[in-house]
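A.B. asks: My structure is below; once you've seen it, I'll send some questions.
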Amino acid sequence: MSACQEYEEQLTLHAAGALEAPEAARVQEHLAGCAACRREWEASREVLGLAALPAPSGAEQAVLEALPRQAARAWRAEQVRRARRWRYAGAGLAAAAAVVLVVLVEPGQRSGSPETPGAREWVAVEAEAELGQAEALSPLEQWAAADPLAEALTEAEQEPVAEEGGLEELEPSFNEYEGEGETP
Amino acid sequence: MPAAGFVGGVNAVLAQPVVMAAAGGEAEDEALCRAFLAGDEGAFGRLVERHRALVLSLVRRYTERPEDAADLAQQAFLRALEASRRLLERWRPGGALPFRAWVARIALNLGRRHLRQRLRWRRVELVAVEEASAQGESAQEALERAEQARRVRAAVLTLPRRQREVLALRVDGGLSFKDIALTLGMTENNAKVHFHHAVKRLRAQVGAGAEESEP
């Protein structure tokens, strides 16, 4: 004999201790008189007990204690690395702009064309300005459009694991954070 | 309220209850984020303290070694902080920063990725044997129980994504279904349905496994 259909989900939630007191009392009362539902409830309790992880070890406790300090230290280290990368990128950009200027200005000077004095310089400066603007706007546009959580949840993985049915179907997109949950 | 009996999450053991989601909690998280980004060195540590039990309880299911759990938890906090910084840089008409939901979600995601890289559950099995033995069971019973637990925990990791996430947030994190719904961006009823299906599926898998192993 199977459990009463109208109690099915409630029994699972009760097994997880997730029902509010009045609802739990109602289910408990039903369990007292229904052996099939009692078996269902006990089976769910059993499987949830098996699914639970063992108590944390001493090493895991130590990890917990150290985490705030280590996370703050890692954040600071990351900021230093990032600042260094920006400095290098800035220096590289300046060097590239200087090369562009030299390349564009030099031929004009060598040919000595009198009709366009400074024209190439102006073009070069314009090009540099556009480049600078593009460099400045691109991150801004990205920043304005980006989901703040998207990058944090982005995965760079690949290869599906054949024996993990549940993991295989996990798409790496997390944009549904804002969306409604789907039914199973 | 988390169930007392089976919930083996860090929060149940470390006497450090998971802070439930509430407008006040989110506002406090946001204040700590802002303070840290404005130069208050200790604010990030306090933010981590508020949510470390939850985050570690979520990542340990996917890891074998405490160092890996520490690494994943740390990454989760750094990513959540970075995402928070991006959000705080913008003009927002209203609503608090959902830091806890974000860090939990990121932790689940990092755990899954870690698992893909290295599938190992030996530690869980060994600890389960020790625990069962301590309760006065015979060695044979302890081994059978450990084998069952190993099978169920392995089955948890093969659940469809939403079912696994809901189950982990409930069983490992000890969150209420309201908080689970907030964390995963679904309705509370949906979260309950996912949980119910997850338990049904685990029972079916474990039942099938037990039948196969019988002589």
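Letters for chains follow the order of the structure tokens (A, B, ...), residue numbers begin at 1 for each chain, and ligand numbers begin at 1 in the order shown.
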Determine which residues of range 17-80 of chain B DSSP labels as helix (DSSP H, G or I) from the backbone of this structure, then write them out as a ChimeraX atom specification.

C.D. replies: /B:23-37,41-62,66-80

A.B. asks: Would you kindly return, as JSON, numbers by chain, each protein, DNA or RNA residue with an atom no farther than 8 Å from any atom of Val199 in chain B, considering only C-alpha atoms and excluding same-chain residues fewer than 2 positions away?

C.D. replies: {"A": [12, 44, 47, 48], "B": [195, 196, 197, 201, 202, 203]}

A.B. asks: Just the selected residues (C-alpha atoms), exported as a PDB file, in the first residue's frame, please.

C.D. replies:
```pdb
ATOM      1  CA  THR A  12       9.205  14.691   2.610  1.00  0.00           C
ATOM      2  CA  SER A  44      12.708   9.782   3.585  1.00  0.00           C
ATOM      3  CA  VAL A  47      17.808   8.699   3.083  1.00  0.00           C
ATOM      4  CA  LEU A  48      18.242  12.269   4.298  1.00  0.00           C
TER       5      LEU A  48
ATOM      6  CA  PHE B 195      13.453  19.007  -2.747  1.00  0.00           C
ATOM      7  CA  HIS B 196      10.676  16.443  -2.816  1.00  0.00           C
ATOM      8  CA  HIS B 197      11.780  15.176  -6.210  1.00  0.00           C
ATOM      9  CA  ARG B 201      15.123  10.208  -6.691  1.00  0.00           C
ATOM     10  CA  LEU B 202      17.671   9.429  -3.991  1.00  0.00           C
ATOM     11  CA  ARG B 203      15.390   6.826  -2.501  1.00  0.00           C
TER      12      ARG B 203
END
```

A.B. asks: With distances taken over only C-alpha atoms, which of B:Glu188, B:Asp40, B:Asp172, B:Glu144 is nearest to Val59 in chain B?

C.D. replies: B:Asp172

A.B. asks: Go through A:Ala71, A:Leu104, A:Ala98, A:Ala35 one by one, measure the shortest atom-to-atom distance of each to chain B using only C-alpha atoms, and give the residue with the smallest value.

C.D. replies: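 Of A:Ala71, A:Leu104, A:Ala98, A:Ala35, the one nearest chain B, counting only C-alpha atoms, is A:Ala71.
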
A.B. asks: Find the residue from A:Ala15, A:Ala36, A:Val102, A:Ala51 that sits nearest to chain B; use only C-alpha atoms when measuring.

C.D. replies: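 Comparing A:Ala15, A:Ala36, A:Val102, A:Ala51 against chain B, the winner is A:Ala51.
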
A.B. asks: Pick out the residues sitting within 12 Å of range 29-35 of chain B, and hand them over as a JSON list (two decimals) with N, CA and C atoms, in the first residue's frame; count only C-alpha atoms, and ignore anything fewer than 3 positions along from it in its own chain.

C.D. replies:
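part.json was written with the following content:
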```
[["chain", "number", "residue", "atom", "x", "y", "z"],
["A", 72, "ALA", "N", 40.61, 38.06, 3.59],
["A", 72, "ALA", "CA", 40.97, 39.49, 3.53],
["A", 72, "ALA", "C", 42.38, 39.64, 2.95],
["B", 19, "VAL", "N", 23.14, 32.78, 9.55],
["B", 19, "VAL", "CA", 22.31, 33.99, 9.66],
["B", 19, "VAL", "C", 21.25, 33.94, 8.57],
["B", 21, "ALA", "N", 18.35, 34.94, 5.97],
["B", 21, "ALA", "CA", 18.19, 36.10, 5.10],
["B", 21, "ALA", "C", 17.10, 36.99, 5.63],
["B", 22, "ALA", "N", 17.37, 38.23, 5.69],
["B", 22, "ALA", "CA", 16.37, 39.20, 6.11],
["B", 22, "ALA", "C", 16.85, 40.54, 5.61],
["B", 23, "ALA", "N", 15.92, 41.47, 5.52],
["B", 23, "ALA", "CA", 16.29, 42.78, 5.01],
["B", 23, "ALA", "C", 17.43, 43.35, 5.87],
["B", 24, "GLY", "N", 17.33, 43.15, 7.18],
["B", 24, "GLY", "CA", 18.36, 43.66, 8.08],
["B", 24, "GLY", "C", 19.70, 43.04, 7.81],
["B", 25, "GLY", "N", 19.69, 41.70, 7.55],
["B", 25, "GLY", "CA", 20.94, 41.00, 7.28],
["B", 25, "GLY", "C", 21.59, 41.50, 6.01],
["B", 26, "GLU", "N", 20.78, 41.70, 4.98],
["B", 26, "GLU", "CA", 21.32, 42.18, 3.71],
["B", 26, "GLU", "C", 21.87, 43.60, 3.87],
["B", 38, "ALA", "N", 35.67, 51.06, 1.29],
["B", 38, "ALA", "CA", 36.07, 52.44, 1.61],
["B", 38, "ALA", "C", 37.32, 52.47, 2.48],
["B", 39, "GLY", "N", 37.84, 51.29, 2.81],
["B", 39, "GLY", "CA", 39.12, 51.27, 3.52],
["B", 39, "GLY", "C", 39.10, 50.69, 4.91],
["B", 40, "ASP", "N", 37.93, 50.25, 5.40],
["B", 40, "ASP", "CA", 37.87, 49.63, 6.72],
["B", 40, "ASP", "C", 38.39, 48.19, 6.61],
["B", 41, "GLU", "N", 39.60, 47.99, 7.03],
["B", 41, "GLU", "CA", 40.29, 46.71, 6.83],
["B", 41, "GLU", "C", 39.56, 45.53, 7.46],
["B", 42, "GLY", "N", 38.95, 45.76, 8.59],
["B", 42, "GLY", "CA", 38.33, 44.64, 9.32],
["B", 42, "GLY", "C", 36.95, 44.27, 8.82],
["B", 43, "ALA", "N", 36.36, 45.10, 7.97],
["B", 43, "ALA", "CA", 34.96, 44.88, 7.59],
["B", 43, "ALA", "C", 34.78, 43.59, 6.78],
["B", 44, "PHE", "N", 35.72, 43.29, 5.92],
["B", 44, "PHE", "CA", 35.59, 42.08, 5.10],
["B", 44, "PHE", "C", 35.68, 40.83, 5.99],
["B", 45, "GLY", "N", 36.56, 40.88, 6.96],
["B", 45, "GLY", "CA", 36.67, 39.77, 7.90],
["B", 45, "GLY", "C", 35.35, 39.53, 8.63],
["B", 46, "ARG", "N", 34.71, 40.61, 9.01],
["B", 46, "ARG", "CA", 33.42, 40.48, 9.71],
["B", 46, "ARG", "C", 32.35, 39.92, 8.77],
["B", 47, "LEU", "N", 32.44, 40.33, 7.53],
["B", 47, "LEU", "CA", 31.48, 39.82, 6.53],
["B", 47, "LEU", "C", 31.69, 38.31, 6.33],
["B", 48, "VAL", "N", 32.93, 37.91, 6.24],
["B", 48, "VAL", "CA", 33.24, 36.47, 6.09],
["B", 48, "VAL", "C", 32.76, 35.70, 7.32],
["B", 49, "GLU", "N", 32.99, 36.28, 8.49],
["B", 49, "GLU", "CA", 32.55, 35.61, 9.73],
["B", 49, "GLU", "C", 31.05, 35.35, 9.71],
["B", 50, "ARG", "N", 30.30, 36.26, 9.16],
["B", 50, "ARG", "CA", 28.84, 36.11, 9.14],
["B", 50, "ARG", "C", 28.39, 34.92, 8.30],
["B", 51, "HIS", "N", 29.14, 34.61, 7.26],
["B", 51, "HIS", "CA", 28.65, 33.61, 6.30],
["B", 51, "HIS", "C", 29.58, 32.41, 6.10],
["B", 77, "PHE", "N", 34.08, 33.91, -1.48],
["B", 77, "PHE", "CA", 33.97, 35.23, -0.85],
["B", 77, "PHE", "C", 34.58, 36.32, -1.72],
["B", 78, "LEU", "N", 35.73, 36.03, -2.32],
["B", 78, "LEU", "CA", 36.37, 37.06, -3.15],
["B", 78, "LEU", "C", 35.50, 37.39, -4.36],
["B", 80, "ALA", "N", 32.25, 36.99, -4.62],
["B", 80, "ALA", "CA", 31.04, 37.67, -4.18],
["B", 80, "ALA", "C", 31.34, 39.13, -3.85],
["B", 81, "LEU", "N", 32.51, 39.37, -3.28],
["B", 81, "LEU", "CA", 32.88, 40.75, -2.95],
["B", 81, "LEU", "C", 33.10, 41.55, -4.23],
["B", 82, "GLU", "N", 33.75, 40.94, -5.20],
["B", 82, "GLU", "CA", 33.99, 41.63, -6.47],
["B", 82, "GLU", "C", 32.66, 41.96, -7.15],
["B", 83, "ALA", "N", 31.75, 40.99, -7.15],
["B", 83, "ALA", "CA", 30.43, 41.23, -7.75],
["B", 83, "ALA", "C", 29.70, 42.33, -6.98],
["B", 84, "SER", "N", 29.86, 42.33, -5.67],
["B", 84, "SER", "CA", 29.21, 43.36, -4.85],
["B", 84, "SER", "C", 29.79, 44.73, -5.17],
["B", 85, "ARG", "N", 31.08, 44.78, -5.36],
["B", 85, "ARG", "CA", 31.70, 46.06, -5.69],
["B", 85, "ARG", "C", 31.12, 46.60, -6.99],
["B", 86, "ARG", "N", 30.96, 45.71, -7.96],
["B", 86, "ARG", "CA", 30.38, 46.16, -9.24],
["B", 86, "ARG", "C", 28.98, 46.70, -9.02],
["B", 87, "LEU", "N", 28.22, 46.01, -8.21],
["B", 87, "LEU", "CA", 26.84, 46.44, -7.97],
["B", 87, "LEU", "C", 26.82, 47.77, -7.23],
["B", 88, "LEU", "N", 27.70, 47.93, -6.26],
["B", 88, "LEU", "CA", 27.70, 49.14, -5.44],
["B", 88, "LEU", "C", 28.19, 50.36, -6.22],
["B", 89, "GLU", "N", 28.93, 50.11, -7.30],
["B", 89, "GLU", "CA", 29.42, 51.22, -8.12],
["B", 89, "GLU", "C", 28.30, 51.83, -8.95],
["B", 95, "GLY", "N", 16.55, 48.27, -3.00],
["B", 95, "GLY", "CA", 16.91, 46.87, -2.80],
["B", 95, "GLY", "C", 18.30, 46.76, -2.22],
["B", 96, "ALA", "N", 18.43, 45.81, -1.31],
["B", 96, "ALA", "CA", 19.72, 45.64, -0.65],
["B", 96, "ALA", "C", 20.60, 44.69, -1.45],
["B", 97, "LEU", "N", 21.84, 44.65, -1.06],
["B", 97, "LEU", "CA", 22.81, 43.78, -1.73],
["B", 97, "LEU", "C", 22.60, 42.34, -1.27],
["B", 98, "PRO", "N", 22.32, 41.41, -2.19],
["B", 98, "PRO", "CA", 22.05, 40.02, -1.76],
["B", 98, "PRO", "C", 23.34, 39.24, -1.58],
["B", 99, "PHE", "N", 24.22, 39.71, -0.70],
["B", 99, "PHE", "CA", 25.55, 39.11, -0.59],
["B", 99, "PHE", "C", 25.49, 37.64, -0.21],
["B", 100, "ARG", "N", 24.66, 37.31, 0.77],
["B", 100, "ARG", "CA", 24.63, 35.92, 1.22],
["B", 100, "ARG", "C", 24.14, 34.98, 0.12],
["B", 101, "ALA", "N", 23.10, 35.40, -0.60],
["B", 101, "ALA", "CA", 22.59, 34.57, -1.69],
["B", 101, "ALA", "C", 23.68, 34.39, -2.74],
["B", 102, "TRP", "N", 24.40, 35.46, -3.02],
["B", 102, "TRP", "CA", 25.44, 35.39, -4.05],
["B", 102, "TRP", "C", 26.56, 34.45, -3.63],
["B", 103, "VAL", "N", 27.03, 34.62, -2.41],
["B", 103, "VAL", "CA", 28.18, 33.82, -2.00],
["B", 103, "VAL", "C", 27.79, 32.33, -1.91]]
```

A.B. asks: Any idea what the distance is between CA of Leu108 in chain B and CA of Ala27 in chain B?

C.D. replies: 23.1 Å

A.B. asks: If you count only C-alpha atoms, which residues fall within 8 Å of Arg60 in chain B, apart from same-chain ones fewer than 4 positions away, as number ranges by chain?

C.D. replies: B: 56, 64, 66, 69, 111

A.B. asks: CA of Leu182 in chain B and CA of Arg73 in chain A, how far apart in Å?

C.D. replies: 29.8 Å

A.B. asks: Near His30 in chain A, within 12 Å and counting only C-alpha atoms, which residues show up once chain neighbours fewer than 3 positions away are dropped, as a PyMOL selection string?

C.D. replies: chain A and resi 3-4+6-8+10-11+14+23-27+33-38+41

A.B. asks: For Ala62 in chain A, list every protein, DNA or RNA residue within 10 Å, evaluated using only C-alpha atoms, and leave out those in the same chain fewer than 5 positions away; present the list as a PyMOL selection string.

C.D. replies: (chain A and resi 56-57+67) or (chain B and resi 66+70)

A.B. asks: Have a look at A:Ala94, A:Arg39, A:Arg76, A:Val63 and name the one nearest to Leu72 in chain B; count only C-alpha atoms.

C.D. replies: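 The shortest atom-to-atom distance to Leu72 in chain B comes from A:Val63.
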
A.B. asks: What does the structure give for the distance between CA of Arg82 in chain A and CA of Phe36 in chain B, in Å to one decimal?

C.D. replies: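 According to the coordinates, CA of Arg82 in chain A and CA of Phe36 in chain B are separated by 17.3 Å.
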
A.B. asks: In terms of the shortest atom-to-atom distance over only C-alpha atoms, which of B:Ala142, B:Leu54, B:Leu184, B:Val166 is closest to Arg105 in chain B?

C.D. replies: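 For Arg105 in chain B, the nearest of the candidates is B:Leu184.
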